[in-house]
Every structure is written in C-alpha cells, then in structure tokens.
>>> print(open('target.cif').read())   # mmCIF, C-alpha atoms
data_data
loop_
_atom_site.group_PDB
_atom_site.id
_atom_site.type_symbol
_atom_site.label_atom_id
_atom_site.label_comp_id
_atom_site.auth_asym_id
_atom_site.auth_seq_id
_atom_site.Cartn_x
_atom_site.Cartn_y
_atom_site.Cartn_z
ATOM 1 C CA MET B 1 100.887 75.454 116.378
ATOM 2 C CA THR B 2 100.774 76.020 112.620
ATOM 3 C CA ALA B 3 98.429 74.423 110.112
ATOM 4 C CA ASP B 4 101.143 72.031 109.020
ATOM 5 C CA GLY B 5 101.658 70.797 112.549
ATOM 6 C CA THR B 6 104.776 72.727 113.501
ATOM 7 C CA GLY B 7 105.235 72.277 117.218
ATOM 8 C CA SER B 8 106.133 69.579 119.685
ATOM 9 C CA GLU B 9 104.206 66.338 119.789
ATOM 10 C CA SER B 10 105.405 62.916 120.807
ATOM 11 C CA GLU B 11 104.813 59.822 118.691
ATOM 12 C CA SER B 12 102.233 57.293 119.746
ATOM 13 C CA GLY B 13 101.959 53.549 119.772
ATOM 14 C CA SER B 14 104.083 51.470 117.444
ATOM 15 C CA GLU B 15 105.352 54.499 115.456
ATOM 16 C CA LYS B 16 107.094 55.623 118.647
ATOM 17 C CA ALA B 17 108.419 52.149 119.186
ATOM 18 C CA THR B 18 109.833 52.042 115.639
ATOM 19 C CA ALA B 19 111.418 55.469 116.119
ATOM 20 C CA THR B 20 113.243 54.211 119.161
ATOM 21 C CA GLY B 21 114.384 51.117 117.316
ATOM 22 C CA THR B 22 112.189 48.500 119.009
ATOM 23 C CA GLY B 23 110.404 47.555 115.753
ATOM 24 C CA PRO B 24 112.408 46.253 112.773
ATOM 25 C CA ALA B 25 112.061 48.437 109.667
ATOM 26 C CA PRO B 26 112.346 47.120 106.091
ATOM 27 C CA PRO B 27 115.843 47.593 104.614
ATOM 28 C CA GLY B 28 116.416 51.130 103.386
ATOM 29 C CA ALA B 29 113.161 52.455 104.857
ATOM 30 C CA TRP B 30 112.609 54.831 107.756
ATOM 31 C CA SER B 31 109.751 55.060 110.150
ATOM 32 C CA ILE B 32 107.838 58.328 110.476
ATOM 33 C CA GLY B 33 109.744 59.026 113.669
ATOM 34 C CA GLN B 34 113.122 58.363 112.101
ATOM 35 C CA LEU B 35 112.333 60.675 109.195
ATOM 36 C CA ALA B 36 111.099 63.367 111.560
ATOM 37 C CA GLU B 37 114.270 63.102 113.646
ATOM 38 C CA ARG B 38 116.549 63.413 110.605
ATOM 39 C CA ALA B 39 114.618 66.390 109.263
ATOM 40 C CA GLY B 40 114.432 68.144 112.644
ATOM 41 C CA VAL B 41 110.641 68.336 112.650
ATOM 42 C CA THR B 42 107.846 66.717 114.626
ATOM 43 C CA VAL B 43 106.062 63.513 113.743
ATOM 44 C CA LYS B 44 102.861 65.523 113.401
ATOM 45 C CA THR B 45 104.501 67.671 110.701
ATOM 46 C CA VAL B 46 105.541 64.611 108.700
ATOM 47 C CA ARG B 47 102.070 63.131 109.069
ATOM 48 C CA PHE B 48 100.481 66.417 107.935
ATOM 49 C CA TYR B 49 102.416 66.451 104.656
ATOM 50 C CA SER B 50 101.936 62.733 104.134
ATOM 51 C CA ASP B 51 98.165 63.030 104.544
ATOM 52 C CA ARG B 52 98.108 65.728 101.859
ATOM 53 C CA GLY B 53 100.066 63.657 99.374
ATOM 54 C CA LEU B 54 103.184 65.827 99.493
ATOM 55 C CA LEU B 55 105.365 63.136 101.069
ATOM 56 C CA PRO B 56 104.702 59.748 99.460
ATOM 57 C CA GLU B 57 105.387 56.662 101.528
ATOM 58 C CA ALA B 58 107.792 54.046 100.226
ATOM 59 C CA ALA B 59 105.833 51.255 101.880
ATOM 60 C CA ARG B 60 103.863 50.201 104.921
ATOM 61 C CA SER B 61 105.081 47.830 107.568
ATOM 62 C CA GLY B 62 103.270 44.611 108.315
ATOM 63 C CA GLY B 63 101.491 46.473 111.087
ATOM 64 C CA GLY B 64 100.370 49.233 108.715
ATOM 65 C CA HIS B 65 102.905 51.834 109.859
ATOM 66 C CA ARG B 66 104.343 54.382 107.439
ATOM 67 C CA ARG B 67 107.758 53.808 105.938
ATOM 68 C CA TYR B 68 109.772 56.308 103.922
ATOM 69 C CA GLY B 69 112.752 56.031 101.607
ATOM 70 C CA PRO B 70 115.855 58.231 101.990
ATOM 71 C CA GLU B 71 114.618 60.478 99.140
ATOM 72 C CA ALA B 72 111.791 61.584 101.434
ATOM 73 C CA LEU B 73 114.298 63.549 103.529
ATOM 74 C CA ASP B 74 115.276 65.856 100.626
ATOM 75 C CA ARG B 75 111.618 66.250 99.686
ATOM 76 C CA LEU B 76 110.673 67.114 103.248
ATOM 77 C CA ARG B 77 113.462 69.667 103.473
ATOM 78 C CA LEU B 78 112.280 71.277 100.234
ATOM 79 C CA ILE B 79 108.738 71.436 101.582
ATOM 80 C CA ARG B 80 109.895 73.047 104.797
ATOM 81 C CA SER B 81 112.005 75.599 102.880
ATOM 82 C CA LEU B 82 109.004 76.635 100.795
ATOM 83 C CA ARG B 83 106.716 76.785 103.815
ATOM 84 C CA GLY B 84 109.336 78.870 105.622
ATOM 85 C CA LEU B 85 108.891 81.414 102.807
ATOM 86 C CA ASP B 86 105.132 81.337 103.474
ATOM 87 C CA VAL B 87 104.354 79.532 100.220
ATOM 88 C CA PRO B 88 100.840 78.066 100.649
ATOM 89 C CA VAL B 89 100.511 74.283 100.800
ATOM 90 C CA PRO B 90 98.630 74.081 97.449
ATOM 91 C CA GLU B 91 101.481 75.975 95.773
ATOM 92 C CA VAL B 92 104.023 73.677 97.418
ATOM 93 C CA SER B 93 102.130 70.745 95.931
ATOM 94 C CA ARG B 94 102.301 72.413 92.535
ATOM 95 C CA VAL B 95 106.071 72.859 92.787
ATOM 96 C CA LEU B 96 106.501 69.201 93.661
ATOM 97 C CA ALA B 97 104.237 68.062 90.822
ATOM 98 C CA GLU B 98 105.378 70.374 87.999
ATOM 99 C CA GLU B 99 109.013 70.668 86.983
ATOM 100 C CA ASP B 100 108.851 74.333 85.894
ATOM 101 C CA ALA B 101 106.389 75.587 88.503
ATOM 102 C CA LEU B 102 108.892 76.980 91.019
ATOM 103 C CA GLU B 103 109.700 80.124 89.024
ATOM 104 C CA ASP B 104 106.002 80.987 88.604
ATOM 105 C CA VAL B 105 105.337 80.376 92.292
ATOM 106 C CA ILE B 106 108.234 82.640 93.265
ATOM 107 C CA GLU B 107 106.908 85.430 91.040
ATOM 108 C CA ASP B 108 103.411 85.020 92.480
ATOM 109 C CA GLN B 109 104.769 85.242 96.001
ATOM 110 C CA LEU B 110 106.813 88.348 95.174
ATOM 111 C CA ARG B 111 103.730 90.070 93.752
ATOM 112 C CA ALA B 112 101.658 89.148 96.790
ATOM 113 C CA LEU B 113 104.410 90.312 99.134
ATOM 114 C CA GLY B 114 104.720 93.609 97.236
ATOM 115 C CA THR B 115 100.996 94.188 97.656
ATOM 116 C CA ARG B 116 101.182 93.539 101.396
ATOM 117 C CA LEU B 117 104.212 95.821 101.794
ATOM 118 C CA THR B 118 102.446 98.625 99.912
ATOM 119 C CA ALA B 119 99.398 98.172 102.128
ATOM 120 C CA LEU B 120 101.585 98.425 105.229
ATOM 121 C CA ARG B 121 103.289 101.589 103.954
ATOM 122 C CA TRP B 122 99.911 103.223 103.280
ATOM 123 C CA ARG B 123 98.728 102.216 106.746
ATOM 124 C CA GLU B 124 101.905 103.610 108.328
ATOM 125 C CA ALA B 125 101.528 106.910 106.460
ATOM 126 C CA ALA B 126 97.859 107.143 107.497
ATOM 127 C CA LEU B 127 98.773 106.566 111.143
ATOM 128 C CA ARG B 128 101.473 109.228 110.957
ATOM 129 C CA LEU B 129 98.934 111.583 109.384
ATOM 130 C CA LEU B 130 96.653 111.076 112.381
ATOM 131 C CA ARG B 131 99.456 111.261 114.922
ATOM 132 C CA ASP B 132 100.853 114.553 113.643
ATOM 133 C CA CYS B 133 97.617 116.541 113.334
ATOM 134 C CA SER B 134 95.706 118.623 115.843
ATOM 135 C CA THR B 135 92.781 117.260 117.823
ATOM 136 C CA GLU B 136 90.417 119.392 115.751
ATOM 137 C CA GLU B 137 91.716 117.891 112.486
ATOM 138 C CA ARG B 138 91.738 114.283 113.655
ATOM 139 C CA ALA B 139 88.015 113.595 113.402
ATOM 140 C CA GLU B 140 87.838 114.793 109.794
ATOM 141 C CA ARG B 141 90.943 112.842 108.798
ATOM 142 C CA LEU B 142 89.600 109.679 110.398
ATOM 143 C CA ARG B 143 86.391 110.127 108.424
ATOM 144 C CA LEU B 144 88.294 110.618 105.177
ATOM 145 C CA ILE B 145 90.543 107.596 105.728
ATOM 146 C CA GLY B 146 87.587 105.454 106.746
ATOM 147 C CA GLY B 147 85.770 106.532 103.589
ATOM 148 C CA LEU B 148 88.406 104.834 101.450
ATOM 149 C CA GLY B 149 86.946 101.471 102.440
ATOM 150 C CA THR B 150 90.340 99.815 102.080
ATOM 151 C CA PRO B 151 90.621 96.188 103.335
ATOM 152 C CA PRO B 152 93.204 95.781 106.136
ATOM 153 C CA ASN B 153 95.783 93.926 104.021
ATOM 154 C CA ALA B 154 95.363 95.766 100.725
ATOM 155 C CA PRO B 155 96.466 99.179 99.460
ATOM 156 C CA PRO B 156 93.780 101.640 98.301
ATOM 157 C CA ASN B 157 92.600 101.501 94.711
ATOM 158 C CA THR B 158 91.503 104.066 92.148
ATOM 159 C CA ALA B 159 88.257 102.424 90.978
ATOM 160 C CA ALA B 160 86.162 105.340 92.261
ATOM 161 C CA LEU B 161 88.287 107.801 90.281
ATOM 162 C CA ALA B 162 87.886 105.822 87.067
ATOM 163 C CA ARG B 163 84.137 105.664 87.633
ATOM 164 C CA PHE B 164 84.052 109.450 88.167
ATOM 165 C CA TRP B 165 85.637 110.063 84.770
ATOM 166 C CA ARG B 166 83.415 107.569 82.988
ATOM 167 C CA LEU B 167 80.386 109.425 84.374
ATOM 168 C CA TRP B 168 81.853 112.859 83.759
ATOM 169 C CA LEU B 169 82.742 112.306 80.112
ATOM 170 C CA PRO B 170 80.015 112.749 77.496
ATOM 171 C CA ALA B 171 78.099 109.639 76.516
ATOM 172 C CA ARG B 172 78.960 109.762 72.825
ATOM 173 C CA LEU B 173 82.689 109.305 73.198
ATOM 174 C CA PRO B 174 84.144 106.174 71.567
ATOM 175 C CA ALA B 175 85.226 103.554 74.091
ATOM 176 C CA ARG B 176 88.889 103.832 73.050
ATOM 177 C CA VAL B 177 88.856 107.581 73.770
ATOM 178 C CA VAL B 178 87.211 107.057 77.164
ATOM 179 C CA SER B 179 89.863 104.474 78.069
ATOM 180 C CA ALA B 180 92.666 106.824 77.017
ATOM 181 C CA VAL B 181 91.241 109.711 79.067
ATOM 182 C CA VAL B 182 90.769 107.541 82.148
ATOM 183 C CA GLU B 183 94.310 106.194 81.796
ATOM 184 C CA GLN B 184 95.729 109.727 81.790
ATOM 185 C CA ALA B 185 93.387 111.307 84.334
ATOM 186 C CA VAL B 186 93.587 108.731 87.126
ATOM 187 C CA PRO B 187 96.840 109.175 89.074
ATOM 188 C CA ARG B 188 99.065 106.209 89.836
ATOM 189 C CA LEU B 189 99.220 105.745 93.573
ATOM 190 C CA PRO B 190 102.675 105.786 95.177
ATOM 191 C CA GLU B 191 103.903 102.562 96.764
ATOM 192 C CA ASP B 192 105.495 104.452 99.660
ATOM 193 C CA PRO B 193 103.308 107.520 100.254
ATOM 194 C CA ALA B 194 103.985 110.470 102.500
ATOM 195 C CA PRO B 195 101.204 111.380 104.953
ATOM 196 C CA ALA B 196 100.306 114.387 102.789
ATOM 197 C CA GLN B 197 99.751 112.092 99.814
ATOM 198 C CA VAL B 198 97.450 109.893 101.877
ATOM 199 C CA LEU B 199 95.441 112.957 102.865
ATOM 200 C CA ALA B 200 95.266 114.234 99.274
ATOM 201 C CA PHE B 201 94.094 110.853 97.992
ATOM 202 C CA ALA B 202 91.518 110.518 100.771
ATOM 203 C CA ARG B 203 90.148 113.962 99.863
ATOM 204 C CA LEU B 204 90.189 113.083 96.166
ATOM 205 C CA HIS B 205 88.347 109.830 96.834
ATOM 206 C CA ALA B 206 85.740 111.670 98.935
ATOM 207 C CA PHE B 207 85.304 114.255 96.176
ATOM 208 C CA VAL B 208 84.684 111.742 93.372
ATOM 209 C CA SER B 209 82.431 109.658 95.626
ATOM 210 C CA GLY B 210 80.217 112.625 96.516
ATOM 211 C CA PRO B 211 76.895 113.644 94.941
ATOM 212 C CA CYS B 212 78.460 115.149 91.811
ATOM 213 C CA PHE B 213 75.892 113.607 89.515
ATOM 214 C CA ASP B 214 72.181 112.924 89.651
ATOM 215 C CA SER B 215 70.481 109.714 88.569
ATOM 216 C CA ALA B 216 69.456 110.925 85.098
ATOM 217 C CA PRO B 217 70.760 108.896 82.140
ATOM 218 C CA ARG B 218 73.946 110.133 80.516
ATOM 219 C CA THR B 219 72.088 110.968 77.297
ATOM 220 C CA ALA B 220 70.085 113.684 79.083
ATOM 221 C CA ALA B 221 71.177 117.083 80.336
ATOM 222 C CA ARG B 222 72.356 116.790 83.915
ATOM 223 C CA PRO B 223 73.474 119.376 86.471
ATOM 224 C CA GLY B 224 76.671 117.415 87.023
ATOM 225 C CA GLN B 225 77.971 117.777 83.480
ATOM 226 C CA PRO B 226 79.967 120.737 82.138
ATOM 227 C CA GLU B 227 78.028 123.130 79.923
ATOM 228 C CA ALA B 228 79.767 121.967 76.736
ATOM 229 C CA HIS B 229 78.782 118.359 77.494
ATOM 230 C CA GLN B 230 75.059 119.132 77.357
ATOM 231 C CA PRO B 231 73.323 117.768 74.239
ATOM 232 C CA GLY B 232 71.907 119.969 71.510
ATOM 233 C CA LYS B 233 74.933 122.294 71.158
ATOM 234 C CA GLY B 234 76.471 120.831 67.997
ATOM 235 C CA TYR B 235 79.234 119.497 70.189
ATOM 236 C CA ARG B 236 81.664 116.829 68.883
ATOM 237 C CA PRO B 237 83.274 115.360 72.013
ATOM 238 C CA ASP B 238 85.501 112.941 70.120
ATOM 239 C CA VAL B 239 87.206 115.879 68.368
ATOM 240 C CA LEU B 240 87.841 117.571 71.706
ATOM 241 C CA TYR B 241 89.161 114.601 73.659
ATOM 242 C CA GLU B 242 91.274 113.275 70.811
ATOM 243 C CA GLY B 243 92.836 116.722 70.299
ATOM 244 C CA LEU B 244 93.463 117.796 73.896
ATOM 245 C CA PRO B 245 96.506 115.513 74.489
ATOM 246 C CA GLU B 246 98.491 117.533 71.949
ATOM 247 C CA ALA B 247 97.706 120.772 73.798
ATOM 248 C CA PHE B 248 98.598 119.177 77.126
ATOM 249 C CA ALA B 249 101.907 117.931 75.737
ATOM 250 C CA LEU B 250 102.767 121.432 74.533
ATOM 251 C CA ALA B 251 101.981 122.905 77.959
ATOM 252 C CA SER B 252 103.724 120.191 79.964
ATOM 253 C CA ALA B 253 107.245 121.652 80.094
ATOM 254 C CA ALA B 254 106.068 125.091 81.225
ATOM 255 C CA LEU B 255 103.705 123.575 83.772
ATOM 256 C CA ARG B 256 106.421 121.394 85.295
ATOM 257 C CA ALA B 257 108.732 124.400 85.424
ATOM 258 C CA GLY B 258 106.110 126.336 87.381
ATOM 259 C CA ARG B 259 105.627 129.043 84.750
ATOM 260 C CA ALA B 260 102.409 131.057 84.886
ATOM 261 C CA PRO B 261 99.866 130.615 82.061
ATOM 262 C CA HIS B 262 100.816 132.712 79.039
ATOM 263 C CA PRO B 263 99.961 133.128 75.346
ATOM 264 C CA GLY B 264 101.673 130.749 72.996
ATOM 265 C CA GLU B 265 101.466 127.538 71.025
ATOM 266 C CA ALA B 266 99.955 125.465 73.836
ATOM 267 C CA LEU B 267 97.124 127.918 74.471
ATOM 268 C CA ASP B 268 96.428 128.323 70.749
ATOM 269 C CA CYS B 269 96.230 124.552 70.340
ATOM 270 C CA PHE B 270 93.920 124.232 73.357
ATOM 271 C CA VAL B 271 91.531 126.882 72.012
ATOM 272 C CA ALA B 272 91.644 125.476 68.459
ATOM 273 C CA VAL B 273 90.622 122.031 69.696
ATOM 274 C CA HIS B 274 87.636 123.474 71.564
ATOM 275 C CA ALA B 275 86.648 125.549 68.563
ATOM 276 C CA ALA B 276 86.772 122.532 66.253
ATOM 277 C CA ALA B 277 84.723 120.468 68.701
ATOM 278 C CA LEU B 278 82.065 123.205 68.878
ATOM 279 C CA ASN B 279 82.091 123.963 65.119
ATOM 280 C CA ALA B 280 83.225 127.525 65.863
ATOM 281 C CA ARG B 281 86.035 129.852 64.822
ATOM 282 C CA ASP B 282 88.869 130.914 67.111
ATOM 283 C CA THR B 283 87.998 134.549 67.672
ATOM 284 C CA ALA B 284 88.399 136.913 70.617
ATOM 285 C CA GLY B 285 84.711 136.466 71.378
ATOM 286 C CA PHE B 286 85.012 132.709 71.284
ATOM 287 C CA ARG B 287 87.946 132.820 73.700
ATOM 288 C CA ARG B 288 85.982 134.968 76.147
ATOM 289 C CA GLY B 289 83.063 132.551 75.968
ATOM 290 C CA LEU B 290 85.346 129.552 76.414
ATOM 291 C CA ALA B 291 86.922 131.154 79.488
ATOM 292 C CA ARG B 292 83.471 131.721 81.014
ATOM 293 C CA MET B 293 82.416 128.156 80.220
ATOM 294 C CA LEU B 294 85.508 126.629 81.823
ATOM 295 C CA ALA B 295 85.307 128.918 84.861
ATOM 296 C CA ALA B 296 81.694 127.855 85.437
ATOM 297 C CA GLU B 297 82.845 124.349 86.366
ATOM 298 C CA PRO B 298 85.472 124.728 89.125
ATOM 299 C CA ARG B 299 85.104 121.180 90.424
ATOM 300 C CA ILE B 300 87.361 119.705 87.780
ATOM 301 C CA ASP B 301 90.103 122.149 88.829
ATOM 302 C CA HIS B 302 89.727 120.820 92.365
ATOM 303 C CA TYR B 303 90.201 117.286 91.045
ATOM 304 C CA TRP B 304 93.430 118.195 89.256
ATOM 305 C CA GLN B 305 94.811 120.024 92.301
ATOM 306 C CA LEU B 306 94.305 116.976 94.492
ATOM 307 C CA ALA B 307 95.571 114.613 91.812
ATOM 308 C CA ALA B 308 98.751 116.681 91.544
ATOM 309 C CA GLU B 309 99.309 116.335 95.306
ATOM 310 C CA VAL B 310 98.873 112.568 95.076
#
>>> encode(input="target.cif", output="structure tokens")
Amino acid sequence: MTADGTGSESESGSEKATATGTGPAPPGAWSIGQLAERAGVTVKTVRFYSDRGLLPEAARSGGGHRRYGPEALDRLRLIRSLRGLDVPVPEVSRVLAEEDALEDVIEDQLRALGTRLTALRWREAALRLLRDCSTEERAERLRLIGGLGTPPNAPPNTAALARFWRLWLPARLPARVVSAVVEQAVPRLPEDPAPAQVLAFARLHAFVSGPCFDSAPRTAARPGQPEAHQPGKGYRPDVLYEGLPEAFALASAALRAGRAPHPGEALDCFVAVHAAALNARDTAGFRRGLARMLAAEPRIDHYWQLAAEV
C-alpha cells in the first residue's frame, strides 16, 4: 500500500451505495466511487488526493457525500501520471496550482534521478572492487570505502579534498586565488566509475583526511606545510600561485603525451615563477635548491598520482 492509498479497498456506507447506483447523484456529478471506477483507481486513492486539496469536489450531496464533476477525471489522471513518475505529492500540488511549474518540476526530478543513478553506479563499482580482490586485500578496501562516509543514496563528494587544499595553501593567499587553486586541484568525480577509480578516490580521501596537519594556526610554522610556505622567508605566495597556471599549461601537452620531464619553456616558466615568488634569481644554484625543496615534500606528489587515477 502506497502513501497515496494505492491498493484495493472497498467503499463503505452510502458512498458504496452511490457507486452502485442506489443513491441519486446531482446532474453532471459523480460519486467518489464512480470517479474511482472511471479512473481505474481505488476509492481510498481518490479520498487521499481529495483530503490533500489536489482533487476539489464539485459539491456535496444532501447526506454530505463527495461529488465530483467530469473535469475531476482528467485531473486525477494527471495526478496519477505524475505520481507514476515518482513526483512527490507537494510537487504535484505545485504543478496543479502553477501554470508554468511542470517544466521546473521535471528538471528537478531529472537532477534527483541523475544523483541517484550516480550513487548506484559508485556502489556497483565498489561492490565489484570488493568482489574481484583477494581475501587479504578485502579488509583494507572495506576500511577505505567505509571511510568515505557516503550516505546510501548519494554519490561521494570532494569536500575533504577542498578542505585539504585550503589548509595546505599559505594563509596570505587572496581568496580568489585560493578558489582558483581548489577548482583546478580537486578532481571531478566520474559519474560511472571503474572499480580502480573507486579505489583511487578512497585512497585519496583517506590521504587528505589523515593527520597531515597539526592544530597550530595557519599563520604559524607547521610541520604540515611545505618549506616555502613557512613565514619569514620573504615569500610571496600570490606571485607563485597566480603564475603557476601558465607553467602548467605549457607542460600539459607533453604530460598528456607521456613524455619524460625535459628542459624547455615549461620548466623555465615554472622555475621563473618560483624565483619571483622568493625574490631570487634563476641560477643553477637556485634550481638545485628548488629541486631539494620540492623533493622534501613527497606527499603532494602522492596526491597528484591518486588524483590522476581518479
């Protein structure tokens, strides 16, 4: 039995008598039973929609029984069509009350359905990931998937990744630069993931949710920050993070083609941006120091490897 009374239920009392023709109905009006019979639904269904104001009565009989005009049949059929598409009763009421509401309701339902389908695809991929692994791997994978904290009917989200970057970036960055970095650094999750993508995202989520940072304020030196992010080094983070996208764009084609790192315009741009941010000159000594500084923080490389798999 559904909330709107779908199911079999016989009429009672005088409504049943009117439905079977033993009580005279006003001209042009139907009893609740007659309307239910014409629409192919139960009396309880008609009563449910009537009680919620979706199916106005044309009149009441002298005995107080519901009477409906012929227009109620088309309205009832429209209601049943919308409910058959799983449109909630409040949204059905909106469609009936507002002339242009149907298009908005359809779009809302499509978005909600897309979310549920994505959630199901992620769940299917996670189950396949567990099915196709060894017994030794299963416990760890269950722990990783459980750590996502995803509600049953929702796909995973990337809030933890965005938080990681907002903590990782230096405190003095302008808000617009932080937003741009987060937008580029947080991967867009696939709607139909492969099991390997589920595993990579679960590992990425566990990584950014781990104890990478202590509880010290962002304005202080912290073990979790890269060396260049520590205060007191004449560092201009806005220069670095506003300039890096150009270097990344120059390196993109070679990276996508799988070429090994090599000297060239992209590398020169990358080094120049770091030099400008640190008020230094691009010299051989500076490049050696920059290489050591970047190598001292391997965790960010781990992030990018997992993000690439996702």
>>> atom_distance(input="target.cif", atom1="CA of Ala154 (chain B)", atom2="CA of Asp100 (chain B)")
29.3 Å
>>> atom_distance(input="target.cif", atom1="CA of Ala247 (chain B)", atom2="CA of Gly264 (chain B)")
10.8 Å
>>> resolve_selection(input="target.cif", expression="the PyMOL selection byres ((chain B and resi 274) around 10)", output="CSV table (one decimal) with C-alpha atoms, in the frame of the given file")
chain,number,residue,atom,x,y,z
B,228,ALA,CA,79.8,122.0,76.7
B,235,TYR,CA,79.2,119.5,70.2
B,236,ARG,CA,81.7,116.8,68.9
B,237,PRO,CA,83.3,115.4,72.0
B,239,VAL,CA,87.2,115.9,68.4
B,240,LEU,CA,87.8,117.6,71.7
B,241,TYR,CA,89.2,114.6,73.7
B,243,GLY,CA,92.8,116.7,70.3
B,244,LEU,CA,93.5,117.8,73.9
B,269,CYS,CA,96.2,124.6,70.3
B,270,PHE,CA,93.9,124.2,73.4
B,271,VAL,CA,91.5,126.9,72.0
B,272,ALA,CA,91.6,125.5,68.5
B,273,VAL,CA,90.6,122.0,69.7
B,275,ALA,CA,86.6,125.5,68.6
B,276,ALA,CA,86.8,122.5,66.3
B,277,ALA,CA,84.7,120.5,68.7
B,278,LEU,CA,82.1,123.2,68.9
B,279,ASN,CA,82.1,124.0,65.1
B,280,ALA,CA,83.2,127.5,65.9
B,281,ARG,CA,86.0,129.9,64.8
B,282,ASP,CA,88.9,130.9,67.1
B,286,PHE,CA,85.0,132.7,71.3
B,287,ARG,CA,87.9,132.8,73.7
B,290,LEU,CA,85.3,129.6,76.4
>>> residues_near_point(input="target.cif", point="(99.3, 97.8, 101.0)", cutoff="10 Å", atoms="all atoms listed in the file", output="PyMOL selection string")
chain B and resi 112-124+150-157+191-192
>>> resolve_selection(input="target.cif", expression="the PyMOL selection byres ((chain B and resi 73-75) around 8)", output="VMD selection string")
chain B and resid 35 38 to 39 55 69 to 72 76 to 79
>>> resolve_selection(input="target.cif", expression="the PyMOL selection byres ((chain B and resi 181) around 10)", output="PDB file with C-alpha atoms, in the frame of the given file")
ATOM      1  CA  ALA B 162      87.886 105.822  87.067  1.00  0.00           C
ATOM      2  CA  TRP B 165      85.637 110.063  84.770  1.00  0.00           C
ATOM      3  CA  ARG B 166      83.415 107.569  82.988  1.00  0.00           C
ATOM      4  CA  LEU B 169      82.742 112.306  80.112  1.00  0.00           C
ATOM      5  CA  ALA B 175      85.226 103.554  74.091  1.00  0.00           C
ATOM      6  CA  ARG B 176      88.889 103.832  73.050  1.00  0.00           C
ATOM      7  CA  VAL B 177      88.856 107.581  73.770  1.00  0.00           C
ATOM      8  CA  VAL B 178      87.211 107.057  77.164  1.00  0.00           C
ATOM      9  CA  SER B 179      89.863 104.474  78.069  1.00  0.00           C
ATOM     10  CA  ALA B 180      92.666 106.824  77.017  1.00  0.00           C
ATOM     11  CA  VAL B 182      90.769 107.541  82.148  1.00  0.00           C
ATOM     12  CA  GLU B 183      94.310 106.194  81.796  1.00  0.00           C
ATOM     13  CA  GLN B 184      95.729 109.727  81.790  1.00  0.00           C
ATOM     14  CA  ALA B 185      93.387 111.307  84.334  1.00  0.00           C
ATOM     15  CA  VAL B 186      93.587 108.731  87.126  1.00  0.00           C
ATOM     16  CA  TYR B 241      89.161 114.601  73.659  1.00  0.00           C
ATOM     17  CA  GLU B 242      91.274 113.275  70.811  1.00  0.00           C
ATOM     18  CA  LEU B 244      93.463 117.796  73.896  1.00  0.00           C
ATOM     19  CA  PRO B 245      96.506 115.513  74.489  1.00  0.00           C
TER      20      PRO B 245
END
>>> closest_residue(input="target.cif", among="B:Ala253, B:Ala58, B:Val208, B:Ala284", to="Leu161 (chain B)", atoms="only C-alpha atoms")
B:Val208
>>> residues_around(input="target.cif", residues="Ala202 (chain B)", least_positions_apart="3", cutoff="10 Å", atoms="only C-alpha atoms", output="PDB file with C-alpha atoms, keeping the file's coordinate frame")
ATOM      1  CA  ALA B 126      97.859 107.143 107.497  1.00  0.00           C
ATOM      2  CA  ARG B 141      90.943 112.842 108.798  1.00  0.00           C
ATOM      3  CA  LEU B 142      89.600 109.679 110.398  1.00  0.00           C
ATOM      4  CA  ARG B 143      86.391 110.127 108.424  1.00  0.00           C
ATOM      5  CA  LEU B 144      88.294 110.618 105.177  1.00  0.00           C
ATOM      6  CA  ILE B 145      90.543 107.596 105.728  1.00  0.00           C
ATOM      7  CA  GLY B 146      87.587 105.454 106.746  1.00  0.00           C
ATOM      8  CA  GLY B 147      85.770 106.532 103.589  1.00  0.00           C
ATOM      9  CA  LEU B 148      88.406 104.834 101.450  1.00  0.00           C
ATOM     10  CA  PRO B 156      93.780 101.640  98.301  1.00  0.00           C
ATOM     11  CA  ALA B 196     100.306 114.387 102.789  1.00  0.00           C
ATOM     12  CA  GLN B 197      99.751 112.092  99.814  1.00  0.00           C
ATOM     13  CA  VAL B 198      97.450 109.893 101.877  1.00  0.00           C
ATOM     14  CA  LEU B 199      95.441 112.957 102.865  1.00  0.00           C
ATOM     15  CA  HIS B 205      88.347 109.830  96.834  1.00  0.00           C
ATOM     16  CA  ALA B 206      85.740 111.670  98.935  1.00  0.00           C
ATOM     17  CA  PHE B 207      85.304 114.255  96.176  1.00  0.00           C
ATOM     18  CA  LEU B 306      94.305 116.976  94.492  1.00  0.00           C
ATOM     19  CA  VAL B 310      98.873 112.568  95.076  1.00  0.00           C
TER      20      VAL B 310
END
>>> atom_distance(input="target.cif", atom1="CA of Leu54 (chain B)", atom2="CA of Ser93 (chain B)")
6.2 Å
